[in-house]
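J.: The following file, protein.txt, comprises compact mmCIF, C-alpha atoms:
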```txt
# COMPACT_ATOMS: atom_id res chain seq x y z
CA MET A 1269 -47.20 -17.10 154.02
CA ASP A 1270 -46.88 -16.67 150.27
CA GLU A 1271 -43.83 -14.47 150.61
CA ILE A 1272 -42.06 -16.99 152.85
CA LYS A 1273 -42.68 -19.79 150.37
CA ALA A 1274 -41.49 -17.67 147.46
CA THR A 1275 -38.19 -17.01 149.27
CA SER A 1276 -37.57 -20.73 149.74
CA ILE A 1277 -38.22 -21.38 146.02
CA ILE A 1278 -35.78 -18.59 145.13
CA LYS A 1279 -33.15 -20.14 147.42
CA GLN A 1280 -33.48 -23.46 145.58
CA THR A 1281 -33.51 -22.18 142.00
CA LEU A 1282 -31.34 -19.06 141.91
CA PRO A 1283 -27.95 -20.80 142.50
CA ILE A 1284 -28.57 -23.20 139.58
CA LEU A 1285 -29.62 -20.32 137.30
CA ILE A 1286 -26.51 -18.31 138.17
CA LEU A 1287 -24.30 -21.36 137.62
CA MET A 1288 -26.06 -21.81 134.30
CA GLY A 1289 -25.21 -18.22 133.39
CA ILE A 1290 -21.53 -18.82 134.20
CA GLY A 1291 -21.40 -22.14 132.28
CA GLY A 1292 -23.26 -20.57 129.38
CA THR A 1293 -20.77 -17.69 129.23
CA LEU A 1294 -17.98 -20.23 128.73
CA ALA A 1295 -20.03 -21.64 125.83
CA GLY A 1296 -20.42 -18.06 124.55
CA LEU A 1297 -16.65 -17.56 124.62
CA PHE A 1298 -16.22 -20.72 122.50
CA LEU A 1299 -18.87 -19.44 120.09
CA ASN A 1300 -17.02 -16.13 119.87
CA ALA A 1301 -13.78 -18.03 119.15
CA ALA A 1302 -15.49 -19.52 116.08
CA ARG A 1303 -15.99 -16.03 114.58
CA THR A 1304 -13.52 -16.46 111.71
CA SER A 1305 -15.57 -19.41 110.42
CA ILE A 1306 -18.91 -17.68 111.10
CA ASP A 1307 -17.65 -14.57 109.26
CA LEU A 1308 -17.15 -16.80 106.22
CA PHE A 1309 -20.46 -18.69 106.60
CA PRO A 1310 -23.02 -16.88 108.82
CA GLY A 1311 -25.34 -19.80 107.97
CA LEU A 1312 -23.47 -21.81 110.61
CA LEU A 1313 -25.24 -19.65 113.21
CA VAL A 1314 -28.58 -21.01 111.98
CA LEU A 1315 -27.44 -24.38 113.35
CA VAL A 1316 -26.44 -23.23 116.83
CA PRO A 1317 -29.75 -22.64 118.67
CA ALA A 1318 -31.28 -25.81 117.17
CA MET A 1319 -28.26 -27.98 118.05
CA GLN A 1320 -28.30 -26.73 121.63
CA ASN A 1321 -32.03 -27.09 122.09
CA LEU A 1322 -31.94 -30.58 120.62
CA ARG A 1323 -29.14 -31.64 122.95
CA GLY A 1324 -31.22 -30.36 125.87
CA SER A 1325 -34.44 -32.04 124.70
CA ILE A 1326 -32.86 -35.45 124.02
CA SER A 1327 -30.76 -35.39 127.21
CA GLY A 1328 -33.63 -34.17 129.35
CA SER A 1329 -36.16 -36.76 128.20
CA LEU A 1330 -33.68 -39.66 128.32
CA ALA A 1331 -32.28 -38.65 131.71
CA SER A 1332 -35.75 -38.42 133.23
CA ARG A 1333 -36.63 -41.84 131.78
CA LEU A 1334 -33.50 -43.36 133.28
CA SER A 1335 -34.23 -41.70 136.61
CA THR A 1336 -37.82 -43.02 136.61
CA ALA A 1337 -36.58 -46.53 135.71
CA LEU A 1338 -34.06 -46.42 138.58
CA HIS A 1339 -36.77 -45.31 141.03
CA GLN A 1340 -39.12 -48.06 139.84
CA GLY A 1341 -36.37 -50.65 140.05
CA THR A 1342 -36.69 -51.72 136.39
CA VAL A 1343 -33.04 -50.72 135.80
CA LYS A 1344 -30.39 -51.83 138.28
CA PRO A 1345 -28.10 -49.09 139.63
CA SER A 1346 -24.92 -50.88 138.50
CA PHE A 1347 -22.41 -50.37 135.69
CA ARG A 1348 -21.50 -54.03 135.14
CA ASP A 1349 -23.73 -56.86 133.92
CA ASN A 1350 -26.54 -54.44 133.25
CA PRO A 1351 -28.37 -55.52 130.06
CA GLU A 1352 -30.47 -52.33 129.91
CA LEU A 1353 -27.51 -49.98 129.57
CA PRO A 1354 -26.42 -50.97 126.01
CA ILE A 1355 -30.04 -50.58 124.84
CA TYR A 1356 -30.19 -47.17 126.51
CA ALA A 1357 -26.96 -46.23 124.71
CA ILE A 1358 -28.30 -47.35 121.32
CA THR A 1359 -31.52 -45.38 121.84
CA SER A 1360 -29.65 -42.25 122.81
CA ILE A 1361 -27.08 -42.35 119.98
CA SER A 1362 -29.53 -43.28 117.23
CA LEU A 1363 -31.83 -40.44 118.28
CA SER A 1364 -28.89 -37.99 118.28
CA ILE A 1365 -27.71 -39.07 114.82
CA SER A 1366 -31.11 -39.07 113.12
CA MET A 1367 -32.06 -35.68 114.56
CA SER A 1368 -28.66 -34.22 113.60
CA ILE A 1369 -29.23 -35.19 109.96
CA ILE A 1370 -32.62 -33.45 110.05
CA VAL A 1371 -31.08 -30.37 111.70
CA GLY A 1372 -28.37 -30.20 109.01
CA ILE A 1373 -30.91 -30.40 106.16
CA CYS A 1374 -33.22 -27.80 107.76
CA ALA A 1375 -30.36 -25.40 108.52
CA TRP A 1376 -29.17 -25.61 104.92
CA ALA A 1377 -32.72 -25.01 103.61
CA PHE A 1378 -33.27 -22.01 105.90
CA SER A 1379 -29.90 -20.48 104.94
CA TYR A 1380 -30.63 -21.04 101.25
CA LEU A 1381 -34.11 -19.49 101.47
CA GLY A 1382 -32.90 -16.65 103.70
CA ASN A 1383 -29.96 -15.92 101.37
CA ILE A 1384 -27.42 -16.49 104.17
CA PRO A 1385 -23.99 -17.80 103.03
CA SER A 1386 -23.58 -21.42 104.19
CA PRO A 1387 -21.02 -24.22 103.63
CA GLY A 1388 -23.56 -26.10 101.45
CA LEU A 1389 -25.79 -29.10 102.18
CA PRO A 1390 -22.98 -31.66 102.79
CA GLY A 1391 -21.12 -29.11 104.96
CA MET A 1392 -24.14 -28.32 107.13
CA ILE A 1393 -25.05 -32.01 107.57
CA GLY A 1394 -21.38 -32.85 108.27
CA VAL A 1395 -21.04 -30.22 111.01
CA SER A 1396 -24.40 -31.08 112.57
CA VAL A 1397 -23.88 -34.86 112.60
CA THR A 1398 -20.29 -34.70 113.89
CA VAL A 1399 -21.18 -32.27 116.68
CA GLY A 1400 -24.42 -34.10 117.51
CA THR A 1401 -22.78 -37.54 117.70
CA LEU A 1402 -19.71 -36.45 119.70
CA SER A 1403 -21.75 -34.45 122.21
CA GLY A 1404 -24.25 -37.34 122.30
CA PHE A 1405 -21.49 -39.70 123.47
CA VAL A 1406 -20.30 -37.29 126.17
CA HIS A 1407 -23.88 -36.77 127.34
CA LEU A 1408 -24.44 -40.53 127.49
CA LEU A 1409 -21.36 -41.17 129.63
CA VAL A 1410 -22.12 -38.31 132.01
CA ASN A 1411 -25.84 -39.07 132.18
CA VAL A 1412 -25.41 -42.75 133.02
CA SER A 1413 -22.58 -42.21 135.52
CA VAL A 1414 -24.19 -39.20 137.28
CA SER A 1415 -27.63 -40.85 137.42
CA ILE A 1416 -26.41 -44.19 138.76
CA THR A 1417 -23.89 -42.67 141.18
CA SER A 1418 -26.38 -40.14 142.61
CA PHE A 1419 -29.02 -42.87 142.94
CA ARG A 1420 -26.56 -45.06 144.85
CA MET A 1421 -25.73 -42.16 147.15
CA GLY A 1422 -29.41 -41.82 147.94
CA LEU A 1423 -29.90 -38.57 146.01
CA ASP A 1424 -32.69 -37.99 143.49
CA PRO A 1425 -31.15 -38.08 139.96
CA ASP A 1426 -33.95 -35.73 138.76
CA ASN A 1427 -32.55 -32.89 140.87
CA ILE A 1428 -28.90 -33.53 139.98
CA ALA A 1429 -28.53 -35.18 136.57
CA ILE A 1430 -30.76 -32.76 134.67
CA PRO A 1431 -29.17 -29.44 135.76
CA VAL A 1432 -25.66 -30.93 135.42
CA LEU A 1433 -26.48 -32.22 131.93
CA SER A 1434 -28.00 -28.98 130.71
CA ILE A 1435 -25.02 -26.89 131.85
CA LEU A 1436 -22.56 -29.40 130.41
CA GLY A 1437 -24.62 -29.87 127.22
CA ASP A 1438 -24.25 -26.19 126.27
CA ILE A 1439 -20.51 -26.12 126.88
CA VAL A 1440 -19.73 -29.44 125.14
CA THR A 1441 -21.95 -28.76 122.11
CA ILE A 1442 -20.36 -25.39 121.37
CA LEU A 1443 -16.83 -26.64 122.10
CA TYR A 1444 -17.28 -29.40 119.51
CA PHE A 1445 -18.91 -26.88 117.17
CA LEU A 1446 -15.80 -24.69 117.46
CA MET A 1447 -13.46 -27.65 116.79
CA VAL A 1448 -15.42 -29.02 113.84
CA VAL A 1449 -15.95 -25.62 112.25
CA ARG A 1450 -12.23 -24.82 112.50
CA LEU A 1451 -11.41 -28.11 110.75
CA VAL A 1452 -13.94 -27.55 107.97
CA THR A 1453 -13.14 -23.91 107.12
CA MET X 1130 -39.70 -56.21 126.46
CA GLY X 1131 -36.93 -54.05 127.87
CA VAL X 1132 -37.33 -50.75 129.64
CA PHE X 1133 -35.93 -48.73 126.74
CA GLU X 1134 -37.32 -49.46 123.29
CA PRO X 1135 -35.15 -47.69 120.71
CA ARG X 1136 -37.57 -48.02 117.78
CA ARG X 1137 -40.59 -46.79 119.72
CA MET X 1138 -38.59 -43.87 121.13
CA LEU X 1139 -37.49 -42.86 117.63
CA VAL X 1140 -40.96 -43.12 116.11
CA ARG X 1141 -42.45 -41.09 118.94
CA SER X 1142 -39.76 -38.44 119.31
CA VAL X 1143 -38.56 -37.64 115.77
CA PRO X 1144 -41.75 -35.92 114.50
CA ILE X 1145 -42.09 -33.69 117.59
CA LEU X 1146 -38.38 -32.88 117.70
CA THR X 1147 -38.43 -31.99 113.98
CA LEU X 1148 -41.27 -29.52 114.57
CA LEU X 1149 -39.28 -27.92 117.40
CA VAL X 1150 -36.15 -27.79 115.20
CA LEU X 1151 -38.11 -25.91 112.52
CA LEU X 1152 -39.22 -23.30 115.09
CA GLU X 1153 -35.63 -22.99 116.37
CA MET X 1154 -34.45 -22.41 112.79
CA LEU X 1155 -36.59 -19.26 112.54
CA GLY X 1156 -34.58 -17.81 115.42
CA GLY X 1157 -31.32 -19.15 113.98
CA SER X 1158 -32.07 -17.54 110.61
CA ALA X 1159 -32.78 -14.17 112.23
CA LEU X 1160 -29.41 -14.51 113.95
CA GLY X 1161 -27.63 -15.48 110.72
CA ARG X 1162 -29.13 -12.51 108.85
CA MET X 1163 -28.35 -9.96 111.59
CA TYR X 1164 -24.87 -11.39 112.25
CA GLY X 1165 -23.06 -8.66 110.33
CA SER X 1166 -24.58 -5.87 112.43
CA ILE X 1167 -24.22 -7.21 115.99
CA ARG X 1168 -21.16 -6.79 118.19
CA PRO X 1169 -19.02 -9.78 119.30
CA VAL X 1170 -20.13 -9.46 122.94
CA PHE X 1171 -23.64 -10.55 122.00
CA LEU X 1172 -22.31 -13.82 120.59
CA ILE X 1173 -20.87 -14.48 124.06
CA LEU X 1174 -24.10 -13.40 125.76
CA LEU X 1175 -26.39 -15.48 123.55
CA PRO X 1176 -25.92 -19.04 124.92
CA PRO X 1177 -26.30 -18.15 128.63
CA PHE X 1178 -29.10 -15.68 127.83
CA LEU X 1179 -31.14 -18.43 126.15
CA ALA X 1180 -30.18 -21.07 128.74
CA ILE X 1181 -31.51 -18.96 131.64
CA GLY X 1182 -34.77 -18.13 129.82
CA GLY X 1183 -35.49 -21.75 128.96
CA ASN X 1184 -34.67 -22.89 132.47
CA VAL X 1185 -36.82 -20.31 134.27
CA GLY X 1186 -39.74 -21.54 132.15
CA SER X 1187 -39.08 -25.26 132.53
CA VAL X 1188 -38.37 -25.19 136.28
CA PHE X 1189 -41.56 -23.16 136.79
CA GLY X 1190 -43.44 -25.56 134.48
CA SER X 1191 -42.37 -28.68 136.33
CA ARG X 1192 -43.19 -27.09 139.70
CA VAL X 1193 -46.67 -26.06 138.56
CA SER X 1194 -47.19 -29.44 136.90
CA SER X 1195 -46.40 -31.25 140.17
CA ALA X 1196 -48.70 -28.85 142.04
CA LEU X 1197 -51.50 -29.59 139.53
CA HIS X 1198 -51.03 -33.34 140.02
CA LEU X 1199 -51.12 -32.91 143.79
CA GLY X 1200 -54.22 -30.74 143.57
CA LEU X 1201 -52.46 -27.73 145.17
CA VAL X 1202 -53.15 -25.59 142.09
CA ARG X 1203 -56.28 -25.52 139.93
CA PRO X 1204 -55.78 -25.01 136.18
CA SER X 1205 -56.94 -21.39 136.36
CA ILE X 1206 -55.03 -18.11 136.44
CA ARG X 1207 -57.07 -17.08 139.52
CA SER X 1208 -55.75 -20.09 141.39
CA GLY X 1209 -53.74 -17.85 143.77
CA GLY X 1210 -51.64 -19.36 146.57
CA ALA X 1211 -49.00 -21.75 145.28
CA LEU X 1212 -49.28 -20.46 141.70
CA ARG X 1213 -48.72 -16.86 142.81
CA SER X 1214 -45.71 -17.61 145.01
CA ASN X 1215 -44.14 -19.70 142.20
CA LEU X 1216 -44.69 -16.88 139.70
CA ILE X 1217 -43.18 -14.30 142.07
CA ALA X 1218 -40.24 -16.57 142.95
CA MET X 1219 -39.34 -17.48 139.36
CA GLY X 1220 -39.85 -13.91 138.17
CA VAL X 1221 -37.44 -12.63 140.83
CA SER X 1222 -34.95 -15.46 140.14
CA GLY X 1223 -35.05 -14.68 136.41
CA VAL X 1224 -34.45 -10.94 136.79
CA VAL X 1225 -31.70 -11.43 139.41
CA SER X 1226 -29.98 -14.05 137.20
CA TYR X 1227 -30.04 -11.72 134.18
CA THR X 1228 -28.56 -8.91 136.29
CA CYS X 1229 -25.73 -11.21 137.43
CA LEU X 1230 -25.27 -12.50 133.87
CA GLY X 1231 -24.98 -8.98 132.43
CA ILE X 1232 -22.33 -7.98 134.99
CA PHE X 1233 -20.46 -11.29 134.59
CA VAL X 1234 -20.32 -11.13 130.77
CA TYR X 1235 -19.27 -7.45 130.94
CA VAL X 1236 -16.40 -8.31 133.32
CA VAL X 1237 -15.30 -11.37 131.28
CA PHE X 1238 -15.40 -9.37 128.04
CA ASN X 1239 -13.19 -6.66 129.53
CA LEU X 1240 -10.78 -9.08 131.25
CA ALA X 1241 -10.35 -11.01 128.00
CA GLY X 1242 -9.51 -7.70 126.31
CA LEU X 1243 -12.02 -8.29 123.51
CA GLY X 1244 -12.70 -4.60 122.92
CA LYS X 1245 -14.44 -1.52 124.28
CA LEU X 1246 -17.95 -1.84 125.64
CA GLY X 1247 -20.23 0.75 127.27
CA ILE X 1248 -21.60 -0.70 130.50
CA VAL X 1249 -24.89 1.26 130.49
CA PRO X 1250 -26.19 0.28 127.03
CA PHE X 1251 -24.97 -3.32 127.43
CA LEU X 1252 -26.59 -3.81 130.84
CA SER X 1253 -29.81 -2.09 129.68
CA ILE X 1254 -30.08 -4.41 126.67
CA THR X 1255 -29.40 -7.53 128.78
CA LEU X 1256 -31.79 -6.54 131.58
CA LEU X 1257 -34.65 -5.29 129.39
CA SER X 1258 -34.61 -8.26 127.03
CA GLY X 1259 -34.01 -10.66 129.95
CA THR X 1260 -36.97 -9.28 131.93
CA ALA X 1261 -39.21 -9.39 128.87
CA LEU X 1262 -38.12 -12.99 128.18
CA THR X 1263 -38.76 -14.00 131.81
CA ALA X 1264 -42.31 -12.62 131.58
CA PHE X 1265 -42.88 -14.34 128.25
CA THR X 1266 -41.51 -17.72 129.30
CA LEU X 1267 -43.54 -17.73 132.55
CA GLY X 1268 -46.68 -16.84 130.60
CA VAL X 1269 -46.16 -19.59 128.01
CA SER X 1270 -45.30 -22.08 130.72
CA THR X 1271 -48.47 -21.34 132.72
CA TRP X 1272 -50.60 -21.54 129.60
CA THR X 1273 -49.06 -24.84 128.37
CA CYS X 1274 -49.36 -26.39 131.85
CA PHE X 1275 -53.06 -25.52 132.13
CA ALA X 1276 -53.92 -26.40 128.53
CA SER X 1277 -52.21 -29.81 128.65
CA PHE X 1278 -53.62 -30.62 132.09
CA ARG X 1279 -57.18 -29.76 130.97
CA ARG X 1280 -56.79 -32.03 127.94
CA GLY X 1281 -55.70 -34.92 130.16
CA LEU X 1282 -52.08 -34.85 128.95
CA ASP X 1283 -49.22 -35.06 131.42
CA PRO X 1284 -47.70 -31.53 131.52
CA ASP X 1285 -44.31 -33.15 132.27
CA ASP X 1286 -44.13 -34.51 128.70
CA VAL X 1287 -45.39 -31.39 126.94
CA VAL X 1288 -44.33 -28.27 128.81
CA VAL X 1289 -40.52 -28.43 128.78
CA PRO X 1290 -39.98 -28.94 125.01
CA ILE X 1291 -42.58 -26.30 124.05
CA VAL X 1292 -41.36 -23.76 126.61
CA THR X 1293 -37.63 -24.11 125.84
CA THR X 1294 -38.22 -23.86 122.07
CA LEU X 1295 -40.55 -20.85 122.17
CA SER X 1296 -38.31 -19.19 124.74
CA ASP X 1297 -35.26 -19.59 122.44
CA LEU X 1298 -37.14 -18.19 119.45
CA VAL X 1299 -38.63 -15.22 121.31
CA GLY X 1300 -35.38 -14.71 123.27
CA ILE X 1301 -33.40 -14.25 120.04
CA ILE X 1302 -36.01 -11.87 118.63
CA LEU X 1303 -36.17 -9.82 121.87
CA LEU X 1304 -32.37 -9.59 122.14
CA LEU X 1305 -31.97 -8.56 118.47
CA SER X 1306 -34.79 -5.99 118.85
CA PHE X 1307 -33.32 -4.35 121.94
CA ILE X 1308 -29.88 -4.30 120.26
CA ALA X 1309 -31.42 -2.53 117.26
CA LEU X 1310 -33.38 -0.17 119.54
CA LEU X 1311 -30.60 0.79 121.95
CA GLY X 1312 -27.85 0.51 119.33
CA THR X 1313 -24.79 -1.13 120.80
```
Would you mind writing the structure in this file as structure tokens?

T.:
Amino acid sequence: MDEIKATSIIKQTLPILILMGIGGTLAGLFLNAARTSIDLFPGLLVLVPAMQNLRGSISGSLASRLSTALHQGTVKPSFRDNPELPIYAITSISLSISMSIIVGICAWAFSYLGNIPSPGLPGMIGVSVTVGTLSGFVHLLVNVSVSITSFRMGLDPDNIAIPVLSILGDIVTILYFLMVVRLVT
Amino acid sequence: MGVFEPRRMLVRSVPILTLLVLLEMLGGSALGRMYGSIRPVFLILLPPFLAIGGNVGSVFGSRVSSALHLGLVRPSIRSGGALRSNLIAMGVSGVVSYTCLGIFVYVVFNLAGLGKLGIVPFLSITLLSGTALTAFTLGVSTWTCFASFRRGLDPDDVVVPIVTTLSDLVGIILLLSFIALLGT
């Protein structure tokens, strides 16, 4: 019995994990394209895992809240005349911005203490906040549209929105990182 | 009041997220310090490598957490049944995903003409550190699920952030260690 159940779990999870590997490799190629800037300031790498994890944590918790609210009927599944959506947007963006400032300060401090060349405190905060805010907006648009659309189609947003967001989050965060870092250095 | 309360969300989330950021920074710093001595291919491998590890742990965590709520699993390692088949399934999924990832990154690296790369050392590093990370992330996930459930906390709120953060930190350390050990 156990073996049969394990196979059905594998069938459900393996495709998403492999897709995640493919999406993540695209993110990796963008990260590799930022080498000239990282060569100059390896401290920028201190930012990367934290920025990605933060994107995932904020997106994941907000997306599951939205999905719960849709299931409970406290948020209407519509794009127009929906008073909860602007509040959701404000929550999401203010959380992204405040955490990005903290990430920038911490990354600068860790680079300074670890003797890793960095673009300085304003540089680290600048990169972190720009990347965090831009990817926060993309996440918000995708999250709201995927959640509401999948709910309307009778699918569970928990099973769709969260994997889609985490694959997209990695790609978008590092793509913005590449663009911002090229502008700065 | 509305469904989403921005101020309450900020007050509740910022302290926890800051703690997680600090843990992430330890991994980031290790990466920044070792940067000069690792080959470009590992910069490409890093994001998907960490994404798979974190996901194996969080998918497993949310499955076990639902099973705990439903009473299908007791918060004990000897629980057997559903816990064992989930562990086997996610372990297999993790190792198979890392095998596919290693081959995929190797092919992409060569197609993009980014340099010469020995397939044997590269695949060994990816598979060994990936398998070790899968084992670690499943262990941490089981432990956090049981510990939070026993304390009356909802594992859904606790497990995913803890597991993804620790899995990133340990994933970076494992990858850097196997690179140093097998020298690519």

J.: Do me a favour and pick out the residues of chain A within 6 Å of chain X, using all atoms listed in the file, as a VMD selection string.

T.: chain A and resid 1270 1274 1278 1282 1286 1289 1292 to 1293 1296 to 1297 1300 1310 to 1311 1313 to 1314 1318 1356 1359

J.: How would the residues just chosen look if you wrote them out with C-alpha atoms as a short mmCIF file (atom, residue, chain, number, x, y, z; two decimals), keeping the file's coordinate frame?

T.:
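The result, written out as again.cif:
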```cif
data_model
loop_
_atom_site.label_atom_id
_atom_site.label_comp_id
_atom_site.auth_asym_id
_atom_site.auth_seq_id
_atom_site.Cartn_x
_atom_site.Cartn_y
_atom_site.Cartn_z
CA ASP A 1270 -46.88 -16.67 150.27
CA ALA A 1274 -41.49 -17.67 147.46
CA ILE A 1278 -35.78 -18.59 145.13
CA LEU A 1282 -31.34 -19.06 141.91
CA ILE A 1286 -26.51 -18.31 138.17
CA GLY A 1289 -25.21 -18.22 133.39
CA GLY A 1292 -23.26 -20.57 129.38
CA THR A 1293 -20.77 -17.69 129.23
CA GLY A 1296 -20.42 -18.06 124.55
CA LEU A 1297 -16.65 -17.56 124.62
CA ASN A 1300 -17.02 -16.13 119.87
CA PRO A 1310 -23.02 -16.88 108.82
CA GLY A 1311 -25.34 -19.80 107.97
CA LEU A 1313 -25.24 -19.65 113.21
CA VAL A 1314 -28.58 -21.01 111.98
CA ALA A 1318 -31.28 -25.81 117.17
CA TYR A 1356 -30.19 -47.17 126.51
CA THR A 1359 -31.52 -45.38 121.84
#
```

J.: Within 6 Å of (-20.9, -18.7, 114.7) (file coordinates; all atoms listed in the file), which protein or nucleic acid residues are there? I'd like them as a VMD selection string.

T.: chain A and resid 1299 1302 to 1303 1306 1312 to 1313

J.: Report the distance between atom CA of Ser1364 of chain A and atom CA of Ile1439 of chain A in Å, rounded to one decimal place.

T.: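 Taking atom CA of Ser1364 of chain A and atom CA of Ile1439 of chain A, their separation equals 16.9 Å.
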
J.: What is the atom CA of Gly1259 of chain X-atom CA of Leu1436 of chain A distance in Å, reported with one decimal?

T.: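 These atoms are spaced 22.0 Å apart.
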
J.: Using all atoms of segment 1311-1325 of chain A listed in the file and a margin of 5 Å per side, can you give the axis-aligned box centre and edge lengths in Å to one decimal, as AutoDock Vina command-line options?

T.:
```
--center_x -29.0 --center_y -25.8 --center_z 116.9 --size_x 21.0 --size_y 22.4 --size_z 27.9
```

J.: What's around segment 1320-1334 of chain A at 8 Å? Count only C-alpha atoms, leave out sequence neighbours fewer than 6 positions away in its own chain, and write the answer as an mmCIF file with C-alpha atoms, in the coordinates of the input.

T.:
```cif
data_model
loop_
_atom_site.group_PDB
_atom_site.id
_atom_site.type_symbol
_atom_site.label_atom_id
_atom_site.label_comp_id
_atom_site.auth_asym_id
_atom_site.auth_seq_id
_atom_site.Cartn_x
_atom_site.Cartn_y
_atom_site.Cartn_z
ATOM 1 C CA VAL A 1343 -33.040 -50.720 135.800
ATOM 2 C CA SER A 1360 -29.650 -42.250 122.810
ATOM 3 C CA LEU A 1363 -31.830 -40.440 118.280
ATOM 4 C CA SER A 1364 -28.890 -37.990 118.280
ATOM 5 C CA MET A 1367 -32.060 -35.680 114.560
ATOM 6 C CA GLY A 1400 -24.420 -34.100 117.510
ATOM 7 C CA SER A 1403 -21.750 -34.450 122.210
ATOM 8 C CA GLY A 1404 -24.250 -37.340 122.300
ATOM 9 C CA HIS A 1407 -23.880 -36.770 127.340
ATOM 10 C CA ASN A 1411 -25.840 -39.070 132.180
ATOM 11 C CA SER A 1415 -27.630 -40.850 137.420
ATOM 12 C CA ASP A 1426 -33.950 -35.730 138.760
ATOM 13 C CA ALA A 1429 -28.530 -35.180 136.570
ATOM 14 C CA ILE A 1430 -30.760 -32.760 134.670
ATOM 15 C CA LEU A 1433 -26.480 -32.220 131.930
ATOM 16 C CA SER A 1434 -28.000 -28.980 130.710
ATOM 17 C CA GLY A 1437 -24.620 -29.870 127.220
ATOM 18 C CA ASP A 1438 -24.250 -26.190 126.270
ATOM 19 C CA THR A 1441 -21.950 -28.760 122.110
ATOM 20 C CA LEU X 1146 -38.380 -32.880 117.700
ATOM 21 C CA VAL X 1150 -36.150 -27.790 115.200
ATOM 22 C CA GLU X 1153 -35.630 -22.990 116.370
ATOM 23 C CA PRO X 1290 -39.980 -28.940 125.010
ATOM 24 C CA THR X 1293 -37.630 -24.110 125.840
ATOM 25 C CA THR X 1294 -38.220 -23.860 122.070
#
```

J.: So which one's closest to Val1412 of chain A, A:Leu1446, A:Ile1358, A:Leu1353, A:Leu1287? Using only C-alpha atoms, please.

T.: A:Leu1353

J.: Separation of atom CA of Ala1295 of chain A and atom CA of Val1299 of chain X, in Å?

T.: 20.2 Å
